[in-house]
file data_34.csv (CSV, C-alpha atoms)
chain,number,residue,atom,x,y,z
I,1,MET,CA,15.6,-20.8,-0.2
I,2,ARG,CA,14.8,-17.4,-1.8
I,3,MET,CA,13.7,-14.7,0.5
I,4,THR,CA,10.6,-12.8,-0.6
I,5,ARG,CA,10.5,-9.0,-0.8
I,6,ASP,CA,8.3,-8.9,2.2
I,7,TRP,CA,11.0,-10.5,4.3
I,8,TRP,CA,13.7,-8.3,2.8
I,9,ALA,CA,11.6,-5.2,3.8
I,10,VAL,CA,11.3,-6.5,7.4
I,11,LEU,CA,15.1,-7.3,7.4
I,12,LEU,CA,16.0,-3.8,6.1
I,13,ALA,CA,13.7,-2.2,8.8
I,14,ALA,CA,15.3,-4.4,11.5
I,15,VAL,CA,18.8,-3.4,10.4
I,16,ALA,CA,17.8,0.2,10.5
I,17,ALA,CA,16.4,-0.2,14.0
I,18,VAL,CA,19.6,-1.9,15.2
I,19,LEU,CA,21.8,0.8,13.7
I,20,VAL,CA,19.7,3.5,15.3
I,21,LYS,CA,19.7,1.7,18.6
I,22,LEU,CA,23.5,1.3,18.5
I,23,GLY,CA,24.0,5.0,17.7
I,24,VAL,CA,25.6,4.2,14.3
I,25,VAL,CA,22.8,6.2,12.7
I,26,GLN,CA,21.6,9.3,14.5
I,27,GLY,CA,20.1,12.7,13.8
I,28,VAL,CA,18.2,11.5,10.6
I,29,PRO,CA,16.9,14.7,9.0
I,30,TRP,CA,13.5,15.3,7.5
Q,1,MET,CA,33.7,-30.0,-8.5
Q,2,VAL,CA,34.3,-27.5,-11.3
Q,3,THR,CA,31.0,-28.3,-12.9
Q,4,VAL,CA,29.2,-27.4,-9.7
Q,5,ALA,CA,31.2,-24.2,-9.1
Q,6,VAL,CA,30.6,-22.7,-12.5
Q,7,PRO,CA,26.8,-22.5,-12.4
Q,8,ALA,CA,27.0,-21.3,-8.8
Q,9,ALA,CA,29.4,-18.5,-9.8
Q,10,ALA,CA,27.2,-17.7,-12.8
Q,11,SER,CA,24.1,-17.4,-10.7
Q,12,ARG,CA,25.9,-15.2,-8.2
Q,13,ALA,CA,26.9,-12.9,-11.0
Q,14,ASP,CA,23.2,-12.9,-12.1
Q,15,VAL,CA,22.1,-11.9,-8.6
Q,16,TRP,CA,24.6,-8.9,-8.7
Q,17,ARG,CA,23.5,-8.0,-12.2
Q,18,GLN,CA,19.9,-7.9,-11.0
Q,19,ARG,CA,20.8,-5.8,-8.0
Q,20,PHE,CA,22.7,-3.3,-10.2
Q,21,ALA,CA,19.7,-3.2,-12.6
Q,22,LEU,CA,17.7,-1.6,-9.7
Q,23,LEU,CA,20.0,1.4,-9.3
Q,24,PRO,CA,18.7,3.7,-12.2
Q,25,GLY,CA,15.1,3.2,-11.1
Q,26,LEU,CA,16.0,3.8,-7.4
Q,27,ALA,CA,17.8,7.0,-8.4
Q,28,LEU,CA,14.7,8.1,-10.3
Q,29,LEU,CA,12.4,7.3,-7.3
Q,30,GLY,CA,14.8,9.4,-5.1
Q,31,VAL,CA,14.9,12.3,-7.5
Q,32,VAL,CA,11.2,12.5,-8.1
Q,33,GLY,CA,10.4,12.0,-4.4
Q,34,TYR,CA,13.0,14.6,-3.3
Q,35,ALA,CA,11.7,17.1,-5.9
Q,36,GLY,CA,8.3,16.7,-4.2
Q,37,LYS,CA,9.8,17.4,-0.8
Q,38,LEU,CA,11.7,20.5,-2.2
Q,39,ALA,CA,8.4,21.7,-3.8
Q,40,GLU,CA,6.6,21.6,-0.4
Q,41,GLN,CA,9.5,23.3,1.4
Q,42,SER,CA,10.0,26.0,-1.3
Q,43,ILE,CA,6.3,27.0,-1.3
Q,44,ALA,CA,6.2,27.1,2.5
Q,45,SER,CA,9.4,29.3,2.7
Q,46,TYR,CA,8.2,31.5,-0.2
Q,47,GLY,CA,4.9,32.1,1.8
Q,48,ARG,CA,6.8,32.8,5.0
Q,49,ALA,CA,9.2,35.2,3.2
Q,50,HIS,CA,6.4,37.2,1.5
Q,51,GLN,CA,4.0,36.8,4.5
Q,52,LEU,CA,1.5,35.0,2.3
Q,53,THR,CA,-0.9,32.3,3.5
Q,54,LEU,CA,-0.3,29.6,0.9
Q,55,PRO,CA,-2.1,26.2,1.0
Q,56,ASN,CA,0.2,23.6,2.6
Q,57,ILE,CA,0.5,21.0,-0.2
Q,58,GLU,CA,2.3,18.0,1.2
Q,59,TYR,CA,5.3,16.4,-0.6
Q,60,VAL,CA,3.1,13.4,-1.0
Q,61,LEU,CA,1.0,15.1,-3.7
Q,62,TRP,CA,4.0,16.7,-5.4
Q,63,ALA,CA,5.9,13.4,-5.6
Q,64,ILE,CA,2.9,11.7,-7.1
Q,65,VAL,CA,2.2,14.6,-9.5
Q,66,PHE,CA,5.9,14.8,-10.7
Q,67,GLY,CA,5.9,11.0,-11.1
Q,68,LEU,CA,2.6,11.2,-13.2
Q,69,ILE,CA,4.2,13.9,-15.4
Q,70,VAL,CA,7.2,11.8,-16.1
Q,71,SER,CA,5.3,8.5,-16.7
Q,72,ASN,CA,2.7,10.2,-19.0
Q,73,THR,CA,5.0,12.5,-21.0
Q,74,ILE,CA,8.5,11.1,-21.7
Q,75,GLY,CA,7.6,7.7,-20.0
Q,76,VAL,CA,9.7,5.8,-17.5
Q,77,PRO,CA,12.9,4.7,-19.3
Q,78,LYS,CA,13.2,0.9,-19.6
Q,79,ILE,CA,16.4,0.9,-17.7
Q,80,CYS,CA,14.6,2.5,-14.7
Q,81,ARG,CA,11.7,0.0,-14.6
Q,82,PRO,CA,13.1,-2.7,-12.3
Q,83,GLY,CA,14.1,0.0,-9.7
Q,84,VAL,CA,10.7,1.8,-9.9
Q,85,ASP,CA,9.0,-1.5,-9.4
Q,86,THR,CA,10.5,-1.7,-5.9
Q,87,TYR,CA,8.2,1.1,-4.6
Q,88,GLU,CA,6.0,-1.5,-2.8
Q,89,PHE,CA,9.2,-2.8,-1.0
Q,90,TRP,CA,9.8,0.7,0.4
Q,91,LEU,CA,6.2,0.9,1.4
Q,92,LYS,CA,6.5,-2.3,3.4
Q,93,ALA,CA,9.8,-1.2,5.0
Q,94,GLY,CA,8.2,2.2,5.8
Q,95,ILE,CA,5.2,0.5,7.5
Q,96,VAL,CA,7.5,-1.7,9.6
Q,97,LEU,CA,9.4,1.4,10.8
Q,98,LEU,CA,6.2,3.3,11.4
Q,99,GLY,CA,5.4,0.7,14.1
Q,100,VAL,CA,7.7,2.7,16.3
Q,101,ARG,CA,5.1,5.4,16.5
Q,102,PHE,CA,2.3,3.0,17.7
Q,103,LEU,CA,2.2,1.6,21.2
Q,104,LEU,CA,0.6,-1.8,21.4
Q,105,GLY,CA,-2.2,-0.4,23.5
Q,106,ASP,CA,-3.2,1.9,20.6
Q,107,ILE,CA,-3.0,-1.0,18.2
Q,108,VAL,CA,-5.3,-3.2,20.3
Q,109,ARG,CA,-7.7,-0.3,20.9
Q,110,LEU,CA,-7.7,1.1,17.3
Q,111,GLY,CA,-7.2,-2.4,15.8
Q,112,GLY,CA,-10.3,-3.7,17.7
Q,113,VAL,CA,-12.6,-1.0,16.2
Q,114,SER,CA,-10.8,-1.4,12.8
Q,115,LEU,CA,-11.1,-5.2,12.9
Q,116,VAL,CA,-14.9,-5.0,13.3
Q,117,CYS,CA,-15.1,-2.4,10.6
Q,118,VAL,CA,-12.8,-4.5,8.4
Q,119,VAL,CA,-15.0,-7.6,8.7
Q,120,LEU,CA,-18.1,-5.5,7.8
Q,121,GLU,CA,-16.2,-3.9,4.9
Q,122,LEU,CA,-15.0,-7.3,3.5
Q,123,ALA,CA,-18.6,-8.6,3.5
Q,124,MET,CA,-20.0,-5.5,1.9
Q,125,ALA,CA,-17.2,-5.2,-0.7
Q,126,ILE,CA,-17.5,-8.8,-1.8
Q,127,ALA,CA,-21.3,-8.6,-1.9
Q,128,VAL,CA,-21.3,-5.4,-3.9
Q,129,MET,CA,-18.6,-6.4,-6.4
Q,130,THR,CA,-20.1,-9.9,-7.0
Q,131,ALA,CA,-23.5,-8.5,-7.6
Q,132,LEU,CA,-22.1,-5.8,-10.0
Q,133,GLY,CA,-19.9,-8.4,-11.8
Q,134,ARG,CA,-22.9,-10.6,-12.5
Q,135,TRP,CA,-25.0,-7.6,-13.5
Q,136,PHE,CA,-22.4,-6.4,-16.1
Q,137,ARG,CA,-21.8,-10.0,-17.2
Q,138,LEU,CA,-18.0,-10.0,-16.5
Q,139,SER,CA,-16.3,-13.3,-16.5
Q,140,PRO,CA,-16.7,-15.1,-13.1
Q,141,LYS,CA,-12.9,-15.1,-12.5
Q,142,LEU,CA,-12.6,-11.4,-13.2
Q,143,THR,CA,-15.5,-10.8,-10.8
Q,144,SER,CA,-13.6,-12.8,-8.2
Q,145,LEU,CA,-10.4,-10.8,-8.8
Q,146,LEU,CA,-12.3,-7.4,-8.5
Q,147,SER,CA,-14.0,-8.6,-5.3
Q,148,ILE,CA,-10.7,-9.6,-3.8
Q,149,GLY,CA,-9.0,-6.4,-4.9
Q,150,ALA,CA,-11.9,-4.2,-3.6
Q,151,SER,CA,-12.3,-6.1,-0.3
Q,152,ILE,CA,-8.6,-6.4,0.8
Q,153,CYS,CA,-5.6,-4.8,-0.6
Q,154,GLY,CA,-5.7,-4.1,-4.3
Q,155,VAL,CA,-2.7,-5.2,-6.4
Q,156,SER,CA,-1.0,-7.6,-4.0
Q,157,ALA,CA,-4.3,-9.4,-3.3
Q,158,ILE,CA,-5.1,-9.6,-7.0
Q,159,ILE,CA,-1.6,-11.1,-7.7
Q,160,ALA,CA,-1.9,-13.5,-4.8
Q,161,ALA,CA,-5.4,-14.6,-5.9
Q,162,LYS,CA,-4.5,-14.8,-9.6
Q,163,GLY,CA,-2.2,-17.8,-8.9
Q,164,ALA,CA,-4.6,-19.4,-6.4
Q,165,ILE,CA,-7.7,-19.4,-8.6
Q,166,GLU,CA,-5.8,-19.7,-11.9
Q,167,ALA,CA,-7.2,-16.6,-13.6
Q,168,ASP,CA,-6.1,-15.3,-17.0
Q,169,ASP,CA,-3.3,-12.7,-17.2
Q,170,GLU,CA,-5.8,-10.4,-19.0
Q,171,ASP,CA,-8.4,-10.6,-16.2
Q,172,ALA,CA,-5.7,-9.8,-13.7
Q,173,SER,CA,-4.4,-6.8,-15.6
Q,174,TYR,CA,-8.0,-5.5,-16.0
Q,175,ALA,CA,-8.6,-5.8,-12.3
Q,176,ILE,CA,-5.2,-4.2,-11.4
Q,177,ALA,CA,-5.9,-1.3,-13.9
Q,178,ALA,CA,-9.3,-0.7,-12.4
Q,179,ILE,CA,-8.0,-0.7,-8.8
Q,180,LEU,CA,-5.1,1.6,-9.7
Q,181,ALA,CA,-7.2,4.0,-11.6
Q,182,LEU,CA,-9.6,4.3,-8.7
Q,183,GLY,CA,-6.8,4.6,-6.3
Q,184,ALA,CA,-5.5,7.6,-8.2
Q,185,VAL,CA,-8.9,9.3,-8.1
Q,186,SER,CA,-9.2,8.6,-4.4
Q,187,LEU,CA,-6.1,10.8,-3.8
Q,188,VAL,CA,-8.1,13.8,-4.9
Q,189,VAL,CA,-11.6,12.9,-3.8
Q,190,PHE,CA,-11.1,11.5,-0.3
Q,191,PRO,CA,-9.3,14.5,1.3
Q,192,LEU,CA,-12.0,16.8,-0.2
Q,193,VAL,CA,-14.8,14.8,1.3
Q,194,GLY,CA,-13.0,14.5,4.6
Q,195,ARG,CA,-12.5,18.3,4.8
Q,196,ALA,CA,-16.1,19.0,3.7
Q,197,LEU,CA,-17.5,16.7,6.5
Q,198,GLY,CA,-14.9,18.1,9.0
Q,199,MET,CA,-13.8,14.5,9.9
Q,200,SER,CA,-11.3,14.0,12.7
Q,201,ASP,CA,-7.8,12.6,11.8
Q,202,HIS,CA,-8.8,9.3,13.3
Q,203,ALA,CA,-12.2,8.9,11.6
Q,204,TYR,CA,-10.7,10.0,8.2
Q,205,GLY,CA,-7.7,7.7,8.5
Q,206,LEU,CA,-10.0,4.8,9.4
Q,207,TRP,CA,-12.2,5.5,6.4
Q,208,VAL,CA,-9.3,5.8,4.0
Q,209,GLY,CA,-7.8,2.6,5.3
Q,210,LEU,CA,-11.1,0.8,4.8
Q,211,ALA,CA,-12.1,2.2,1.4
Q,212,VAL,CA,-8.9,2.8,-0.6
Q,213,ASP,CA,-7.7,-0.5,-2.0
Q,214,ASN,CA,-4.1,-0.3,-2.7
Q,215,THR,CA,-1.9,0.2,0.3
Q,216,ALA,CA,0.4,2.8,-1.3
Q,217,GLU,CA,-2.6,5.0,-2.3
Q,218,ALA,CA,-4.2,4.5,1.1
Q,219,ALA,CA,-1.0,5.7,2.9
Q,220,ALA,CA,-0.9,8.7,0.4
Q,221,ALA,CA,-4.6,9.6,0.8
Q,222,GLY,CA,-4.2,9.5,4.6
Q,223,ALA,CA,-0.9,11.5,4.6
Q,224,LEU,CA,-2.5,14.2,2.3
Q,225,TYR,CA,-5.0,15.0,5.1
Q,226,SER,CA,-2.5,15.0,8.0
Q,227,ASP,CA,0.4,13.1,9.5
Q,228,ALA,CA,-1.9,11.5,12.1
Q,229,ALA,CA,-4.5,10.6,9.6
Q,230,GLY,CA,-1.8,8.9,7.5
Q,231,ARG,CA,-0.8,6.8,10.5
Q,232,PHE,CA,-4.5,5.8,11.2
Q,233,ALA,CA,-5.0,5.0,7.5
Q,234,VAL,CA,-1.9,2.7,7.5
Q,235,LEU,CA,-3.1,0.9,10.6
Q,236,ALA,CA,-6.6,0.3,9.3
Q,237,LYS,CA,-5.2,-0.8,5.9
Q,238,THR,CA,-2.6,-3.1,7.6
Q,239,THR,CA,-5.4,-4.7,9.5
Q,240,ARG,CA,-7.2,-5.3,6.2
Q,241,ASN,CA,-4.1,-6.7,4.6
Q,242,ALA,CA,-3.7,-9.2,7.4
Q,243,THR,CA,-6.9,-10.9,6.2
Q,244,ILE,CA,-5.6,-11.5,2.7
Q,245,GLY,CA,-4.8,-15.2,3.2
Q,246,PHE,CA,-8.3,-16.0,4.5
Q,247,VAL,CA,-10.1,-14.3,1.7
Q,248,VAL,CA,-7.8,-15.7,-1.1
Q,249,LEU,CA,-8.1,-19.2,0.5
Q,250,GLY,CA,-11.9,-18.8,0.5
Q,251,TYR,CA,-12.0,-18.0,-3.2
Q,252,ALA,CA,-9.4,-20.7,-4.0
Q,253,LEU,CA,-11.6,-23.3,-2.3
Q,254,TYR,CA,-14.6,-22.0,-4.1
Q,255,TRP,CA,-12.9,-22.4,-7.5
Q,256,VAL,CA,-11.5,-25.8,-6.5
Q,257,ARG,CA,-15.1,-26.9,-5.8
Q,258,ARG,CA,-15.9,-25.8,-9.3
Q,259,SER,CA,-12.9,-27.9,-10.5
Q,260,GLU,CA,-11.3,-24.8,-12.1
Q,261,ALA,CA,-8.3,-24.5,-9.8
Q,262,ARG,CA,-5.7,-26.8,-8.2
Q,263,GLU,CA,-6.4,-28.6,-5.0
Q,264,ILE,CA,-4.8,-27.0,-1.9
Q,265,ALA,CA,-3.0,-29.7,0.1
Q,266,ASN,CA,-2.0,-27.7,3.2
Q,267,LYS,CA,-4.3,-24.9,4.1
Q,268,GLY,CA,-2.1,-23.7,7.0
Q,269,ALA,CA,0.9,-23.4,4.8
Q,270,PHE,CA,-1.2,-21.6,2.2
Q,271,LEU,CA,-2.4,-19.0,4.8
Q,272,TRP,CA,1.2,-18.5,6.0
Q,273,GLU,CA,2.5,-18.1,2.4
Q,274,LYS,CA,-0.1,-15.4,1.6
Q,275,PHE,CA,0.2,-13.6,5.0
Q,276,PRO,CA,1.9,-10.2,4.5
Q,277,LYS,CA,5.1,-10.6,6.6
Q,278,PHE,CA,5.7,-6.9,7.1
Q,279,VAL,CA,2.6,-6.9,9.4
Q,280,LEU,CA,4.7,-9.1,11.8
Q,281,GLY,CA,7.6,-6.7,11.5
Q,282,PHE,CA,5.3,-3.8,12.3
Q,283,LEU,CA,4.0,-5.6,15.4
Q,284,VAL,CA,7.5,-6.4,16.6
Q,285,ILE,CA,8.7,-2.8,16.3
Q,286,SER,CA,5.5,-1.6,18.1
Q,287,THR,CA,6.2,-4.1,20.9
Q,288,LEU,CA,9.8,-2.9,21.3
Q,289,ALA,CA,8.5,0.7,21.3
Q,290,THR,CA,5.9,-0.2,23.9
Q,291,LEU,CA,8.6,-1.8,26.1
Q,292,GLY,CA,10.5,1.5,26.0
Q,293,THR,CA,13.4,0.1,23.9
Q,294,PHE,CA,13.8,3.4,22.0
Q,295,SER,CA,14.6,6.8,23.4
Q,296,GLY,CA,12.8,9.9,22.2
Q,297,SER,CA,15.5,10.8,19.7
Q,298,GLU,CA,15.8,7.1,18.5
Q,299,THR,CA,12.0,7.1,17.9
Q,300,ALA,CA,12.3,10.3,15.9
Q,301,ASP,CA,15.1,8.9,13.8
Q,302,LEU,CA,13.2,5.7,13.0
Q,303,ALA,CA,10.0,7.7,12.2
Q,304,ASN,CA,12.1,9.9,9.8
Q,305,LEU,CA,13.6,6.8,8.1
Q,306,SER,CA,10.0,5.6,7.6
Q,307,ARG,CA,9.2,9.0,6.0
Q,308,TRP,CA,12.1,8.6,3.6
Q,309,ALA,CA,10.8,5.1,2.7
Q,310,PHE,CA,7.4,6.5,2.0
Q,311,LEU,CA,8.9,9.3,-0.2
Q,312,PHE,CA,10.2,6.5,-2.5
Q,313,THR,CA,6.8,4.9,-2.4
Q,314,PHE,CA,4.8,8.0,-3.4
Q,315,ALA,CA,7.2,8.7,-6.2
Q,316,GLY,CA,6.6,5.2,-7.4
Q,317,VAL,CA,2.8,5.5,-7.3
Q,318,GLY,CA,3.0,8.4,-9.8
Q,319,LEU,CA,5.7,6.7,-12.0
Q,320,ARG,CA,3.7,3.5,-12.2
Q,321,THR,CA,0.4,5.2,-13.2
Q,322,ASN,CA,-0.1,5.4,-17.0
Q,323,VAL,CA,-3.3,7.2,-17.9
Q,324,GLY,CA,-3.3,6.0,-21.5
Q,325,GLU,CA,-2.9,2.4,-20.5
Q,326,LEU,CA,-5.8,2.6,-18.1
Q,327,SER,CA,-8.1,4.0,-20.7
Q,328,ARG,CA,-7.2,1.2,-23.1
Q,329,GLN,CA,-8.4,-1.5,-20.6
Q,330,GLY,CA,-12.0,-1.3,-21.8
Q,331,TRP,CA,-15.0,0.3,-20.1
Q,332,ARG,CA,-17.0,-2.5,-18.5
Q,333,PRO,CA,-14.5,-3.6,-15.7
Q,334,LEU,CA,-13.9,0.1,-15.1
Q,335,VAL,CA,-17.6,0.8,-14.7
Q,336,VAL,CA,-18.0,-2.1,-12.3
Q,337,GLY,CA,-14.9,-0.8,-10.4
Q,338,VAL,CA,-16.2,2.8,-10.3
Q,339,VAL,CA,-19.7,1.9,-9.2
Q,340,GLY,CA,-18.5,-0.7,-6.8
Q,341,GLU,CA,-15.9,1.6,-5.2
Q,342,VAL,CA,-18.2,4.5,-4.9
Q,343,ALA,CA,-20.8,2.2,-3.2
Q,344,ILE,CA,-18.1,0.8,-0.8
Q,345,ALA,CA,-16.7,4.4,-0.1
Q,346,VAL,CA,-20.2,5.6,0.8
Q,347,LEU,CA,-21.1,2.5,3.0
Q,348,THR,CA,-17.7,2.6,4.8
Q,349,LEU,CA,-18.1,6.4,5.3
Q,350,ALA,CA,-21.5,5.8,7.0
Q,351,MET,CA,-20.0,3.0,9.1
Q,352,VAL,CA,-17.0,5.1,10.2
Q,353,VAL,CA,-19.2,8.2,11.0
Q,354,SER,CA,-21.4,5.9,13.2
Q,355,ALA,CA,-18.4,4.3,14.9
Q,356,ALA,CA,-16.9,7.7,15.5
Q,357,ARG,CA,-20.1,8.9,17.2
Q,358,MET,CA,-20.4,5.7,19.2
Q,359,PHE,CA,-16.7,5.5,20.4
Q,360,VAL,CA,-16.1,9.3,20.3
Q,361,PHE,CA,-13.0,9.6,18.0
call {"tool": "encode", "arguments": {"input": "data_34.csv", "output": "structure tokens"}}
result
Amino acid sequence: MRMTRDWWAVLLAAVAAVLVKLGVVQGVPW
Amino acid sequence: MVTVAVPAAASRADVWRQRFALLPGLALLGVVGYAGKLAEQSIASYGRAHQLTLPNIEYVLWAIVFGLIVSNTIGVPKICRPGVDTYEFWLKAGIVLLGVRFLLGDIVRLGGVSLVCVVLELAMAIAVMTALGRWFRLSPKLTSLLSIGASICGVSAIIAAKGAIEADDEDASYAIAAILALGAVSLVVFPLVGRALGMSDHAYGLWVGLAVDNTAEAAAAGALYSDAAGRFAVLAKTTRNATIGFVVLGYALYWVRRSEAREIANKGAFLWEKFPKFVLGFLVISTLATLGTFSGSETADLANLSRWAFLFTFAGVGLRTNVGELSRQGWRPLVVGVVGEVAIAVLTLAMVVSAARMFVF
């Protein structure tokens, strides 16, 4: 089954949240 | 076994080829968006260094303007198009991450007021567009597409409805062109009206979320006013997007009854298929934020990642808007779009101003 772009967007955001929570990604500049 | 393995390997290669094809466009989105951010920072630091009070023009506007310049002068190179077309993907990922800055209580409170306004807006937009479409003798399916585009969420709603009501490609591109042209105008007009009326961030964001049709333009028009207004605009627009399945289903059933569209076997599955899934992601992240899952610095990191995703989106808005193409689409759908959108903008403004007085926001 092919994943829609909507689900890919949710997955990407979920991965980002997990990486931030685990401390792998921190101090993201803006 | 070999005969099975060869097509599988070929299709895997195709998938990778498609992914690599996105890279040039993604790079262009990044460069245009980052140039917008640099422009904002450079002007601010020039003002500080020379003790000048310069207007704070957000990166949002610069990214869109730079994108417009590229798309309407040299044009977006063909090699970059697949990547540039991902701008809505970044918008959705950005909205999910933005959920970290909303606590569920805010969503229920704001969403409640928004929901009432959204229901009223849907009814008004469909009534206004249907009446105008009949008046200007547009084809009934084009009128349906414009009504759906104006009432819910612009381009995605039109694409979802096109398949469901079996409209022509030409009607769909007319409707999309009209919605995008008006979205571009709203970026200039809405902040001016908001400032002239001295609207609060909340009231302005709600108005933008109700009246601007395409989600990317709604997010941009909100962010141009203020960061908080941008968040309120996204919340109101997301509430509106959540109704997409119901409105498209309503129209599909109407066209089935007129025997001009396929029968819908499973209405529940149809609603689920059309429902924007990123709304669920947004609610999950908000729930986690409400439960205190993220520390202050983690919240800041996720909010900043959401800003980067929006930077790609706003660059894409400019890069996807071709002024020449819009003017070639013919005047009648555009007139219906302009008159309809102005009417909807005025009616929703009156509604939001009344709601702001009633609920004090």
call {"tool": "interface_residues", "arguments": {"input": "data_34.csv", "of": "chain I", "to": "chain Q", "cutoff": "9 Å", "atoms": "only C-alpha atoms", "output": "list in words"}}
result
Arg5, Asp6, Trp7, Trp8, Ala9, Val10, Leu11, Leu12, Ala13, Ala14, Ala16, Ala17, Val20, Lys21, Gly23, Val25, Gln26, Gly27, Val28, Pro29 and Trp30 of chain I
call {"tool": "residues_around", "arguments": {"input": "data_34.csv", "residues": "stretch 115-130 of chain Q", "least_positions_apart": "4", "cutoff": "8 Å", "atoms": "only C-alpha atoms", "output": "list in words"}}
result
Gly111, Arg134, Thr143, Ser144, Leu146, Ser147, Ile148, Ala150, Ser151, Ile152, Leu210, Ala236, Thr239, Arg240, Val336, Gly337, Gly340, Ala343, Ile344, Thr348, Met351 and Val352 of chain Q
call {"tool": "residues_around", "arguments": {"input": "data_34.csv", "residues": "Q:Ala350", "least_positions_apart": "3", "cutoff": "12 Å", "atoms": "all atoms listed in the file", "output": "list in words"}}
result
Cys117, Leu120, Glu121, Leu197, Met199, Ala203, Tyr204, Leu206, Trp207, Leu210, Ala211, Ala343, Ile344, Ala345, Val346, Leu347, Val353, Ser354, Ala355, Ala356 and Arg357 of chain Q
call {"tool": "build_atoms", "arguments": {"input": "data_34.csv", "residues": "stretch 129-148 of chain Q", "atoms": "N, CA and C atoms", "output": "JSON list (two decimals), in the frame of the given file"}}
result
[["chain", "number", "residue", "atom", "x", "y", "z"],
["Q", 129, "MET", "N", -19.33, -6.14, -5.19],
["Q", 129, "MET", "CA", -18.60, -6.40, -6.40],
["Q", 129, "MET", "C", -19.15, -7.68, -7.13],
["Q", 130, "THR", "N", -19.53, -8.69, -6.35],
["Q", 130, "THR", "CA", -20.10, -9.90, -7.00],
["Q", 130, "THR", "C", -21.38, -9.60, -7.69],
["Q", 131, "ALA", "N", -22.24, -8.81, -7.03],
["Q", 131, "ALA", "CA", -23.50, -8.50, -7.60],
["Q", 131, "ALA", "C", -23.30, -7.65, -8.93],
["Q", 132, "LEU", "N", -22.38, -6.66, -8.86],
["Q", 132, "LEU", "CA", -22.10, -5.80, -10.00],
["Q", 132, "LEU", "C", -21.50, -6.63, -11.18],
["Q", 133, "GLY", "N", -20.55, -7.53, -10.83],
["Q", 133, "GLY", "CA", -19.90, -8.40, -11.80],
["Q", 133, "GLY", "C", -20.91, -9.22, -12.59],
["Q", 134, "ARG", "N", -21.86, -9.77, -11.84],
["Q", 134, "ARG", "CA", -22.90, -10.60, -12.50],
["Q", 134, "ARG", "C", -23.79, -9.74, -13.36],
["Q", 135, "TRP", "N", -24.12, -8.56, -12.83],
["Q", 135, "TRP", "CA", -25.00, -7.60, -13.50],
["Q", 135, "TRP", "C", -24.43, -7.20, -14.88],
["Q", 136, "PHE", "N", -23.10, -6.91, -14.84],
["Q", 136, "PHE", "CA", -22.40, -6.40, -16.10],
["Q", 136, "PHE", "C", -21.86, -7.60, -16.88],
["Q", 137, "ARG", "N", -22.18, -8.82, -16.48],
["Q", 137, "ARG", "CA", -21.80, -10.00, -17.20],
["Q", 137, "ARG", "C", -20.24, -10.11, -17.40],
["Q", 138, "LEU", "N", -19.48, -9.76, -16.37],
["Q", 138, "LEU", "CA", -18.00, -10.00, -16.50],
["Q", 138, "LEU", "C", -17.76, -11.44, -16.26],
["Q", 139, "SER", "N", -16.57, -11.90, -16.68],
["Q", 139, "SER", "CA", -16.30, -13.30, -16.50],
["Q", 139, "SER", "C", -16.20, -13.59, -14.97],
["Q", 140, "PRO", "N", -16.63, -14.79, -14.53],
["Q", 140, "PRO", "CA", -16.70, -15.10, -13.10],
["Q", 140, "PRO", "C", -15.32, -14.88, -12.40],
["Q", 141, "LYS", "N", -14.23, -15.25, -13.11],
["Q", 141, "LYS", "CA", -12.90, -15.10, -12.50],
["Q", 141, "LYS", "C", -12.51, -13.63, -12.34],
["Q", 142, "LEU", "N", -12.86, -12.82, -13.35],
["Q", 142, "LEU", "CA", -12.60, -11.40, -13.20],
["Q", 142, "LEU", "C", -13.38, -10.78, -12.09],
["Q", 143, "THR", "N", -14.65, -11.24, -11.95],
["Q", 143, "THR", "CA", -15.50, -10.80, -10.80],
["Q", 143, "THR", "C", -14.83, -11.13, -9.50],
["Q", 144, "SER", "N", -14.30, -12.37, -9.41],
["Q", 144, "SER", "CA", -13.60, -12.80, -8.20],
["Q", 144, "SER", "C", -12.43, -11.89, -7.90],
["Q", 145, "LEU", "N", -11.63, -11.60, -8.95],
["Q", 145, "LEU", "CA", -10.40, -10.80, -8.80],
["Q", 145, "LEU", "C", -10.81, -9.36, -8.31],
["Q", 146, "LEU", "N", -11.85, -8.80, -8.94],
["Q", 146, "LEU", "CA", -12.30, -7.40, -8.50],
["Q", 146, "LEU", "C", -12.79, -7.44, -7.11],
["Q", 147, "SER", "N", -13.52, -8.50, -6.73],
["Q", 147, "SER", "CA", -14.00, -8.60, -5.30],
["Q", 147, "SER", "C", -12.88, -8.66, -4.36],
["Q", 148, "ILE", "N", -11.86, -9.47, -4.69],
["Q", 148, "ILE", "CA", -10.70, -9.60, -3.80],
["Q", 148, "ILE", "C", -9.95, -8.29, -3.70]]
